[in-house]
file model-v5.pdb (PDB, C-alpha atoms and all ligand atoms)
MODEL        1
ATOM      1  CA  ARG A  25      53.026 -30.471  -4.592  1.00  0.00           C
ATOM      2  CA  PHE A  26      54.842 -31.193  -7.779  1.00  0.00           C
ATOM      3  CA  ALA A  27      56.542 -29.266 -10.521  1.00  0.00           C
ATOM      4  CA  CYS A  28      58.721 -29.826 -13.499  1.00  0.00           C
ATOM      5  CA  LEU A  29      60.686 -26.635 -13.898  1.00  0.00           C
ATOM      6  CA  PRO A  30      62.393 -26.380 -17.288  1.00  0.00           C
ATOM      7  CA  THR A  31      64.968 -23.763 -16.226  1.00  0.00           C
ATOM      8  CA  PRO A  32      66.215 -22.408 -12.899  1.00  0.00           C
ATOM      9  CA  ALA A  33      64.905 -18.895 -13.738  1.00  0.00           C
ATOM     10  CA  THR A  34      63.906 -16.899 -10.669  1.00  0.00           C
ATOM     11  CA  LEU A  35      62.180 -13.556 -10.199  1.00  0.00           C
ATOM     12  CA  ASP A  36      65.283 -12.320  -8.323  1.00  0.00           C
ATOM     13  CA  GLY A  37      67.393 -13.167 -11.376  1.00  0.00           C
ATOM     14  CA  PHE A  38      65.287 -11.004 -13.657  1.00  0.00           C
ATOM     15  CA  ASP A  39      67.154  -7.988 -15.038  1.00  0.00           C
ATOM     16  CA  TYR A  40      64.676  -5.086 -15.125  1.00  0.00           C
ATOM     17  CA  ASP A  41      67.119  -2.820 -16.948  1.00  0.00           C
ATOM     18  CA  ALA A  42      66.896  -5.216 -19.889  1.00  0.00           C
ATOM     19  CA  ALA A  43      63.089  -5.252 -19.777  1.00  0.00           C
ATOM     20  CA  PRO A  44      61.733  -1.743 -20.314  1.00  0.00           C
ATOM     21  CA  GLY A  45      58.085  -1.438 -19.419  1.00  0.00           C
ATOM     22  CA  VAL A  46      58.038  -4.311 -16.933  1.00  0.00           C
ATOM     23  CA  ASP A  47      56.574  -3.041 -13.664  1.00  0.00           C
ATOM     24  CA  ARG A  48      59.017  -4.072 -10.935  1.00  0.00           C
ATOM     25  CA  ALA A  49      56.496  -3.478  -8.138  1.00  0.00           C
ATOM     26  CA  LEU A  50      53.917  -5.637  -9.907  1.00  0.00           C
ATOM     27  CA  ILE A  51      56.385  -8.517 -10.331  1.00  0.00           C
ATOM     28  CA  ARG A  52      57.363  -8.197  -6.668  1.00  0.00           C
ATOM     29  CA  GLU A  53      53.670  -8.328  -5.725  1.00  0.00           C
ATOM     30  CA  LEU A  54      53.145 -11.434  -7.900  1.00  0.00           C
ATOM     31  CA  GLY A  55      56.212 -12.944  -6.229  1.00  0.00           C
ATOM     32  CA  THR A  56      54.323 -12.973  -2.904  1.00  0.00           C
ATOM     33  CA  CYS A  57      51.880 -15.471  -4.510  1.00  0.00           C
ATOM     34  CA  ALA A  58      48.892 -13.497  -3.184  1.00  0.00           C
ATOM     35  CA  TYR A  59      47.296 -13.748  -6.648  1.00  0.00           C
ATOM     36  CA  LEU A  60      47.001 -17.519  -6.124  1.00  0.00           C
ATOM     37  CA  GLU A  61      44.641 -16.942  -3.196  1.00  0.00           C
ATOM     38  CA  SER A  62      42.185 -15.101  -5.467  1.00  0.00           C
ATOM     39  CA  SER A  63      42.566 -17.538  -8.411  1.00  0.00           C
ATOM     40  CA  THR A  64      43.924 -14.689 -10.513  1.00  0.00           C
ATOM     41  CA  ASN A  65      45.496 -15.549 -13.866  1.00  0.00           C
ATOM     42  CA  VAL A  66      48.621 -13.978 -15.329  1.00  0.00           C
ATOM     43  CA  LEU A  67      49.081 -13.439 -19.070  1.00  0.00           C
ATOM     44  CA  LEU A  68      52.596 -12.707 -20.293  1.00  0.00           C
ATOM     45  CA  ILE A  69      52.416 -11.388 -23.850  1.00  0.00           C
ATOM     46  CA  GLY A  70      55.292 -10.360 -26.079  1.00  0.00           C
ATOM     47  CA  PRO A  71      57.730 -11.257 -28.850  1.00  0.00           C
ATOM     48  CA  PRO A  72      60.362 -14.023 -28.504  1.00  0.00           C
ATOM     49  CA  GLY A  73      63.235 -13.569 -26.074  1.00  0.00           C
ATOM     50  CA  THR A  74      61.635 -10.827 -23.982  1.00  0.00           C
ATOM     51  CA  GLY A  75      61.591 -12.823 -20.732  1.00  0.00           C
ATOM     52  CA  LYS A  76      58.094 -14.313 -20.707  1.00  0.00           C
ATOM     53  CA  THR A  77      59.201 -17.847 -19.864  1.00  0.00           C
ATOM     54  CA  HIS A  78      61.762 -16.493 -17.384  1.00  0.00           C
ATOM     55  CA  LEU A  79      59.010 -14.661 -15.472  1.00  0.00           C
ATOM     56  CA  ALA A  80      56.568 -17.574 -15.740  1.00  0.00           C
ATOM     57  CA  VAL A  81      59.137 -20.036 -14.371  1.00  0.00           C
ATOM     58  CA  GLY A  82      60.105 -17.460 -11.730  1.00  0.00           C
ATOM     59  CA  LEU A  83      56.464 -17.344 -10.627  1.00  0.00           C
ATOM     60  CA  ALA A  84      56.352 -21.150 -10.620  1.00  0.00           C
ATOM     61  CA  ASN A  85      59.493 -21.289  -8.466  1.00  0.00           C
ATOM     62  CA  ALA A  86      58.019 -18.760  -6.043  1.00  0.00           C
ATOM     63  CA  ALA A  87      54.805 -20.816  -5.853  1.00  0.00           C
ATOM     64  CA  VAL A  88      56.705 -24.072  -5.203  1.00  0.00           C
ATOM     65  CA  HIS A  89      58.743 -22.426  -2.454  1.00  0.00           C
ATOM     66  CA  ALA A  90      55.557 -21.089  -0.876  1.00  0.00           C
ATOM     67  CA  GLY A  91      54.195 -24.648  -0.846  1.00  0.00           C
ATOM     68  CA  TYR A  92      51.651 -24.371  -3.648  1.00  0.00           C
ATOM     69  CA  ARG A  93      51.076 -27.326  -5.929  1.00  0.00           C
ATOM     70  CA  THR A  94      52.498 -26.195  -9.241  1.00  0.00           C
ATOM     71  CA  TYR A  95      52.785 -27.685 -12.710  1.00  0.00           C
ATOM     72  CA  VAL A  96      54.626 -26.229 -15.682  1.00  0.00           C
ATOM     73  CA  THR A  97      53.828 -27.253 -19.234  1.00  0.00           C
ATOM     74  CA  THR A  98      53.529 -25.853 -22.745  1.00  0.00           C
ATOM     75  CA  ALA A  99      50.401 -25.482 -24.863  1.00  0.00           C
ATOM     76  CA  ALA A 100      51.767 -28.096 -27.285  1.00  0.00           C
ATOM     77  CA  ASP A 101      52.562 -30.576 -24.493  1.00  0.00           C
ATOM     78  CA  LEU A 102      49.183 -30.097 -22.834  1.00  0.00           C
ATOM     79  CA  ALA A 103      47.506 -30.719 -26.196  1.00  0.00           C
ATOM     80  CA  ALA A 104      49.599 -33.845 -26.828  1.00  0.00           C
ATOM     81  CA  ARG A 105      48.839 -35.271 -23.370  1.00  0.00           C
ATOM     82  CA  CYS A 106      45.114 -34.644 -23.789  1.00  0.00           C
ATOM     83  CA  HIS A 107      45.163 -36.206 -27.252  1.00  0.00           C
ATOM     84  CA  LYS A 108      46.897 -39.317 -25.950  1.00  0.00           C
ATOM     85  CA  ALA A 109      44.535 -39.516 -22.979  1.00  0.00           C
ATOM     86  CA  ALA A 110      41.487 -39.286 -25.268  1.00  0.00           C
ATOM     87  CA  ILE A 111      42.793 -42.152 -27.426  1.00  0.00           C
ATOM     88  CA  GLU A 112      43.543 -44.295 -24.389  1.00  0.00           C
ATOM     89  CA  GLY A 113      40.196 -43.638 -22.715  1.00  0.00           C
ATOM     90  CA  ARG A 114      41.735 -41.568 -19.884  1.00  0.00           C
ATOM     91  CA  TRP A 115      40.109 -38.222 -20.677  1.00  0.00           C
ATOM     92  CA  ALA A 116      38.528 -37.664 -17.259  1.00  0.00           C
ATOM     93  CA  THR A 117      41.780 -38.571 -15.481  1.00  0.00           C
ATOM     94  CA  CYS A 118      43.698 -36.191 -17.722  1.00  0.00           C
ATOM     95  CA  MET A 119      41.255 -33.343 -16.989  1.00  0.00           C
ATOM     96  CA  ARG A 120      41.551 -34.043 -13.246  1.00  0.00           C
ATOM     97  CA  PHE A 121      45.344 -33.912 -13.601  1.00  0.00           C
ATOM     98  CA  PHE A 122      45.208 -30.406 -15.107  1.00  0.00           C
ATOM     99  CA  ALA A 123      42.602 -29.285 -12.571  1.00  0.00           C
ATOM    100  CA  GLY A 124      44.780 -30.318  -9.614  1.00  0.00           C
ATOM    101  CA  PRO A 125      47.615 -27.821  -9.269  1.00  0.00           C
ATOM    102  CA  THR A 126      46.967 -24.467  -7.596  1.00  0.00           C
ATOM    103  CA  LEU A 127      49.182 -22.947 -10.288  1.00  0.00           C
ATOM    104  CA  LEU A 128      49.289 -24.232 -13.855  1.00  0.00           C
ATOM    105  CA  VAL A 129      51.838 -22.584 -16.145  1.00  0.00           C
ATOM    106  CA  ILE A 130      51.077 -23.000 -19.852  1.00  0.00           C
ATOM    107  CA  GLY A 131      53.943 -21.781 -22.013  1.00  0.00           C
ATOM    108  CA  GLU A 132      54.404 -20.963 -25.642  1.00  0.00           C
ATOM    109  CA  LEU A 133      50.837 -20.521 -26.784  1.00  0.00           C
ATOM    110  CA  GLY A 134      50.881 -19.309 -30.364  1.00  0.00           C
ATOM    111  CA  TYR A 135      54.174 -20.698 -31.661  1.00  0.00           C
ATOM    112  CA  LEU A 136      52.604 -23.843 -33.072  1.00  0.00           C
ATOM    113  CA  PRO A 137      49.190 -23.932 -34.735  1.00  0.00           C
ATOM    114  CA  LEU A 138      46.781 -25.938 -32.595  1.00  0.00           C
ATOM    115  CA  PRO A 139      44.346 -28.397 -34.169  1.00  0.00           C
ATOM    116  CA  ALA A 140      40.678 -27.969 -33.219  1.00  0.00           C
ATOM    117  CA  GLU A 141      40.894 -30.845 -30.756  1.00  0.00           C
ATOM    118  CA  ALA A 142      43.804 -29.136 -28.952  1.00  0.00           C
ATOM    119  CA  ALA A 143      41.963 -25.828 -28.740  1.00  0.00           C
ATOM    120  CA  SER A 144      39.022 -27.683 -27.236  1.00  0.00           C
ATOM    121  CA  ALA A 145      41.237 -29.423 -24.655  1.00  0.00           C
ATOM    122  CA  LEU A 146      42.845 -26.117 -23.698  1.00  0.00           C
ATOM    123  CA  PHE A 147      39.430 -24.513 -23.351  1.00  0.00           C
ATOM    124  CA  GLN A 148      38.228 -27.300 -21.064  1.00  0.00           C
ATOM    125  CA  VAL A 149      41.317 -26.955 -18.870  1.00  0.00           C
ATOM    126  CA  VAL A 150      40.750 -23.196 -18.602  1.00  0.00           C
ATOM    127  CA  ALA A 151      37.016 -23.613 -17.975  1.00  0.00           C
ATOM    128  CA  GLN A 152      37.380 -26.160 -15.178  1.00  0.00           C
ATOM    129  CA  ARG A 153      40.001 -24.023 -13.394  1.00  0.00           C
ATOM    130  CA  TYR A 154      37.980 -20.811 -13.757  1.00  0.00           C
ATOM    131  CA  LEU A 155      37.590 -18.980 -10.411  1.00  0.00           C
ATOM    132  CA  LYS A 156      39.147 -21.952  -8.571  1.00  0.00           C
ATOM    133  CA  THR A 157      42.847 -21.961  -9.433  1.00  0.00           C
ATOM    134  CA  SER A 158      45.350 -19.828 -11.336  1.00  0.00           C
ATOM    135  CA  ILE A 159      46.880 -20.115 -14.789  1.00  0.00           C
ATOM    136  CA  VAL A 160      49.997 -18.328 -15.998  1.00  0.00           C
ATOM    137  CA  ILE A 161      50.153 -18.247 -19.801  1.00  0.00           C
ATOM    138  CA  THR A 162      53.004 -17.084 -21.999  1.00  0.00           C
ATOM    139  CA  THR A 163      52.262 -16.175 -25.604  1.00  0.00           C
ATOM    140  CA  ASN A 164      53.800 -14.305 -28.506  1.00  0.00           C
ATOM    141  CA  ARG A 165      50.353 -13.442 -29.880  1.00  0.00           C
ATOM    142  CA  SER A 166      48.093 -10.591 -28.767  1.00  0.00           C
ATOM    143  CA  VAL A 167      44.690 -11.642 -27.452  1.00  0.00           C
ATOM    144  CA  ALA A 168      43.155 -10.237 -30.664  1.00  0.00           C
ATOM    145  CA  GLU A 169      45.001 -12.995 -32.538  1.00  0.00           C
ATOM    146  CA  TRP A 170      43.896 -15.883 -30.344  1.00  0.00           C
ATOM    147  CA  GLY A 171      41.039 -16.751 -32.692  1.00  0.00           C
ATOM    148  CA  GLU A 172      43.683 -17.467 -35.288  1.00  0.00           C
ATOM    149  CA  VAL A 173      45.921 -19.345 -32.832  1.00  0.00           C
ATOM    150  CA  LEU A 174      43.054 -21.565 -31.691  1.00  0.00           C
ATOM    151  CA  GLY A 175      41.517 -21.824 -35.159  1.00  0.00           C
ATOM    152  CA  ASP A 176      38.128 -20.859 -33.726  1.00  0.00           C
ATOM    153  CA  THR A 177      37.049 -17.349 -32.723  1.00  0.00           C
ATOM    154  CA  THR A 178      34.161 -18.602 -30.557  1.00  0.00           C
ATOM    155  CA  VAL A 179      36.388 -20.912 -28.499  1.00  0.00           C
ATOM    156  CA  ALA A 180      39.016 -18.158 -28.257  1.00  0.00           C
ATOM    157  CA  ALA A 181      36.447 -15.621 -27.030  1.00  0.00           C
ATOM    158  CA  ALA A 182      35.011 -18.038 -24.453  1.00  0.00           C
ATOM    159  CA  MET A 183      38.489 -18.929 -23.220  1.00  0.00           C
ATOM    160  CA  LEU A 184      39.642 -15.300 -23.003  1.00  0.00           C
ATOM    161  CA  ASP A 185      36.446 -14.367 -21.190  1.00  0.00           C
ATOM    162  CA  ARG A 186      37.341 -16.769 -18.393  1.00  0.00           C
ATOM    163  CA  LEU A 187      41.083 -16.127 -18.405  1.00  0.00           C
ATOM    164  CA  LEU A 188      40.787 -12.340 -18.330  1.00  0.00           C
ATOM    165  CA  HIS A 189      37.913 -12.060 -15.834  1.00  0.00           C
ATOM    166  CA  ARG A 190      40.365 -12.105 -12.947  1.00  0.00           C
ATOM    167  CA  SER A 191      43.769 -11.463 -14.427  1.00  0.00           C
ATOM    168  CA  VAL A 192      46.974  -9.519 -14.604  1.00  0.00           C
ATOM    169  CA  VAL A 193      48.156  -8.877 -18.159  1.00  0.00           C
ATOM    170  CA  LEU A 194      51.856  -8.151 -18.607  1.00  0.00           C
ATOM    171  CA  LYS A 195      53.058  -6.946 -21.980  1.00  0.00           C
ATOM    172  CA  LEU A 196      56.737  -7.439 -22.669  1.00  0.00           C
ATOM    173  CA  ASP A 197      58.558  -5.703 -25.445  1.00  0.00           C
ATOM    174  CA  GLY A 198      61.989  -4.693 -26.621  1.00  0.00           C
ATOM    175  CA  ASP A 199      64.881  -6.634 -28.091  1.00  0.00           C
ATOM    176  CA  SER A 200      65.378 -10.338 -27.591  1.00  0.00           C
ATOM    177  CA  TYR A 201      67.541 -11.119 -24.561  1.00  0.00           C
ATOM    178  CA  ARG A 202      68.701 -14.220 -26.419  1.00  0.00           C
ATOM    179  CA  LEU A 203      70.218 -12.052 -29.159  1.00  0.00           C
ATOM    180  CA  ARG A 204      71.962  -9.646 -26.754  1.00  0.00           C
ATOM    181  CA  ASP A 205      75.266 -11.544 -26.751  1.00  0.00           C
ATOM    182  CA  HIS A 206      75.020 -11.942 -30.471  1.00  0.00           C
ATOM    183  CA  HIS A 207      74.542  -8.168 -30.910  1.00  0.00           C
ATOM    184  CA  ALA A 208      77.320  -7.381 -28.434  1.00  0.00           C
ATOM    185  CA  ARG A 209      79.702  -9.562 -30.425  1.00  0.00           C
ATOM    186  CA  THR A 210      78.805  -8.150 -33.816  1.00  0.00           C
ATOM    187  CA  HIS A 211      78.974  -4.544 -32.562  1.00  0.00           C
ATOM    188  CA  SER A 212      82.437  -4.957 -31.063  1.00  0.00           C
ATOM    189  CA  GLN A 213      83.917  -6.232 -34.300  1.00  0.00           C
TER     190      GLN A 213
HETATM  191  P1  LIG A 301      60.583 -15.701 -24.069  1.00  0.00           P
HETATM  192  O1  LIG A 301      59.877 -16.756 -23.270  1.00  0.00           O
HETATM  193  O2  LIG A 301      59.923 -14.355 -23.960  1.00  0.00           O
HETATM  194  O3  LIG A 301      60.806 -16.090 -25.499  1.00  0.00           O
HETATM  195  P2  LIG A 301      62.770 -16.249 -22.253  1.00  0.00           P
HETATM  196  O4  LIG A 301      62.134 -15.894 -20.953  1.00  0.00           O
HETATM  197  O5  LIG A 301      62.889 -17.688 -22.566  1.00  0.00           O
HETATM  198  O6  LIG A 301      62.028 -15.491 -23.457  1.00  0.00           O
HETATM  199  O7  LIG A 301      64.203 -15.543 -22.320  1.00  0.00           O
HETATM  200  C1  LIG A 301      65.257 -16.036 -23.132  1.00  0.00           C
HETATM  201  C2  LIG A 301      66.525 -16.122 -22.308  1.00  0.00           C
HETATM  202  O8  LIG A 301      66.898 -14.817 -21.871  1.00  0.00           O
HETATM  203  C3  LIG A 301      66.356 -16.937 -21.039  1.00  0.00           C
HETATM  204  O9  LIG A 301      67.571 -17.576 -20.753  1.00  0.00           O
HETATM  205  C4  LIG A 301      66.033 -15.891 -19.972  1.00  0.00           C
HETATM  206  O10 LIG A 301      66.444 -16.322 -18.691  1.00  0.00           O
HETATM  207  C5  LIG A 301      66.841 -14.700 -20.454  1.00  0.00           C
HETATM  208  N1  LIG A 301      66.180 -13.433 -20.154  1.00  0.00           N
HETATM  209  C6  LIG A 301      65.231 -12.813 -20.885  1.00  0.00           C
HETATM  210  N2  LIG A 301      64.889 -11.624 -20.355  1.00  0.00           N
HETATM  211  C7  LIG A 301      65.636 -11.501 -19.241  1.00  0.00           C
HETATM  212  C8  LIG A 301      65.764 -10.478 -18.241  1.00  0.00           C
HETATM  213  N3  LIG A 301      65.046  -9.339 -18.305  1.00  0.00           N
HETATM  214  N4  LIG A 301      66.642 -10.687 -17.240  1.00  0.00           N
HETATM  215  C9  LIG A 301      67.384 -11.809 -17.187  1.00  0.00           C
HETATM  216  N5  LIG A 301      67.330 -12.807 -18.089  1.00  0.00           N
HETATM  217  C10 LIG A 301      66.469 -12.652 -19.111  1.00  0.00           C
HETATM  218 MG    MG A 302      59.101 -18.572 -23.905  1.00  0.00          MG
ENDMDL
END

call {"tool": "encode", "arguments": {"input": "model-v5.pdb", "output": "structure tokens"}}
result
Amino acid sequence: RFACLPTPATLDGFDYDAAPGVDRALIRELGTCAYLESSTNVLLIGPPGTGKTHLAVGLANAAVHAGYRTYVTTAADLAARCHKAAIEGRWATCMRFFAGPTLLVIGELGYLPLPAEAASALFQVVAQRYLKTSIVITTNRSVAEWGEVLGDTTVAAAMLDRLLHRSVVLKLDGDSYRLRDHHARTHSQ
């Protein structure tokens, strides 16, 4: 069981009043980790600052506390690790690494354009985990735009097919939580 948690965000610390449209009962259900037993994936989709990473890390924390092997990464970091592994002749080891955890959180898909090789690595990670283990993905791009994100509509379709087959899709919306303080300050002046 291992995890590298980027922030201490927890599901309990999530402010539902600031996140209109987020189903509290659904998050509570996900917090029980039952979805991990059915290898269900979770897609968190929405614009920046709407709490996607907070919820993803909250799910990772819940999984770690429940004793599930968990690993948190970003799409860019996963791609970089796979690239390095390919160069160094460690591809199979790298794939085994990403197949291992019961929960793999892949953050920030869509912020950086992925080269074809990265899209292929991501697809292979998704494919080998399919129906065996869960993935939580955060992205600022709707699934309709994944062809563009991955630079290949066929790879995107094949990846989404597997990801969505058993999945919970959460759409987040509203104003950026990061800009709340900023707005509060400017409005009080
Ligand atoms: P995103 O990944 O959607 O860009 P984050 O989850 O990183 O956004 O949120 C940005 C910051 O705002 C983080 O510090 C996060 O903890 C906080 N935050 C966002 N939404 C909420 C919320 N509904 N309740 C509490 N904190 C939130
Ligand atoms: Mg994020």

call {"tool": "residues_near_point", "arguments": {"input": "model-v5.pdb", "point": "(66.4, -6.8, -14.7)", "cutoff": "12 Å", "atoms": "all atoms listed in the file", "output": "number ranges by chain"}}
result
A: 34-48, 51, 74-75, 78-79, 201

call {"tool": "atom_distance", "arguments": {"input": "model-v5.pdb", "atom1": "CA of Arg204 in chain A", "atom2": "CA of Ala87 in chain A"}}
result
29.3 Å

call {"tool": "closest_atom_pairs", "arguments": {"input": "model-v5.pdb", "of": "chain A", "to": "ligand MG 302 (chain A)", "cutoff": "12 Å", "atoms": "all atoms listed in the file", "output": "tab-separated table"}}
result
residue	atom	partner	partner_atom	distance
A:Pro30	CA	A:MG302	MG	10.8
A:Thr31	CA	A:MG302	MG	11.0
A:Ala33	CA	A:MG302	MG	11.7
A:Leu68	CA	A:MG302	MG	9.5
A:Ile69	CA	A:MG302	MG	9.8
A:Gly70	CA	A:MG302	MG	9.3
A:Pro71	CA	A:MG302	MG	8.9
A:Pro72	CA	A:MG302	MG	6.6
A:Gly73	CA	A:MG302	MG	6.8
A:Thr74	CA	A:MG302	MG	8.1
A:Gly75	CA	A:MG302	MG	7.0
A:Lys76	CA	A:MG302	MG	5.4
A:Thr77	CA	A:MG302	MG	4.1
A:His78	CA	A:MG302	MG	7.3
A:Leu79	CA	A:MG302	MG	9.3
A:Ala80	CA	A:MG302	MG	8.6
A:Val81	CA	A:MG302	MG	9.6
A:Thr97	CA	A:MG302	MG	11.2
A:Thr98	CA	A:MG302	MG	9.2
A:Ala99	CA	A:MG302	MG	11.2
A:Val129	CA	A:MG302	MG	11.4
A:Ile130	CA	A:MG302	MG	10.0
A:Gly131	CA	A:MG302	MG	6.4
A:Glu132	CA	A:MG302	MG	5.5
A:Leu133	CA	A:MG302	MG	9.0
A:Gly134	CA	A:MG302	MG	10.5
A:Tyr135	CA	A:MG302	MG	9.4
A:Ile161	CA	A:MG302	MG	9.8
A:Thr162	CA	A:MG302	MG	6.6
A:Thr163	CA	A:MG302	MG	7.4
A:Asn164	CA	A:MG302	MG	8.2
A:Arg165	CA	A:MG302	MG	11.8
A:Leu196	CA	A:MG302	MG	11.4
A:Ser200	CA	A:MG302	MG	11.0
A:Tyr201	CA	A:MG302	MG	11.3
A:Arg202	CA	A:MG302	MG	10.8

call {"tool": "atom_distance", "arguments": {"input": "model-v5.pdb", "atom1": "CA of Asp176 in chain A", "atom2": "CA of Val96 in chain A"}}
result
25.0 Å

call {"tool": "closest_residue", "arguments": {"input": "model-v5.pdb", "among": "A:Gly175, A:Ile159, A:His107, A:Val149", "to": "Leu136 in chain A", "atoms": "only C-alpha atoms"}}
result
A:Gly175

call {"tool": "atom_distance", "arguments": {"input": "model-v5.pdb", "atom1": "CA of Arg114 in chain A", "atom2": "CA of Asp185 in chain A"}}
result
27.7 Å

call {"tool": "resolve_selection", "arguments": {"input": "model-v5.pdb", "expression": "the PyMOL selection byres (((chain A and resi 168) around 10) and not hetatm)", "output": "PDB file with C-alpha atoms, keeping the file's coordinate frame"}}
result
ATOM      1  CA  ARG A 165      50.353 -13.442 -29.880  1.00  0.00           C
ATOM      2  CA  SER A 166      48.093 -10.591 -28.767  1.00  0.00           C
ATOM      3  CA  VAL A 167      44.690 -11.642 -27.452  1.00  0.00           C
ATOM      4  CA  GLU A 169      45.001 -12.995 -32.538  1.00  0.00           C
ATOM      5  CA  TRP A 170      43.896 -15.883 -30.344  1.00  0.00           C
ATOM      6  CA  GLY A 171      41.039 -16.751 -32.692  1.00  0.00           C
ATOM      7  CA  GLU A 172      43.683 -17.467 -35.288  1.00  0.00           C
ATOM      8  CA  VAL A 173      45.921 -19.345 -32.832  1.00  0.00           C
ATOM      9  CA  THR A 177      37.049 -17.349 -32.723  1.00  0.00           C
ATOM     10  CA  ALA A 180      39.016 -18.158 -28.257  1.00  0.00           C
ATOM     11  CA  ALA A 181      36.447 -15.621 -27.030  1.00  0.00           C
ATOM     12  CA  LEU A 184      39.642 -15.300 -23.003  1.00  0.00           C
TER      13      LEU A 184
END

call {"tool": "closest_residue", "arguments": {"input": "model-v5.pdb", "among": "A:Ala140, A:Arg52, A:Val160, A:Gln152", "to": "Thr94 in chain A", "atoms": "all atoms listed in the file"}}
result
A:Val160
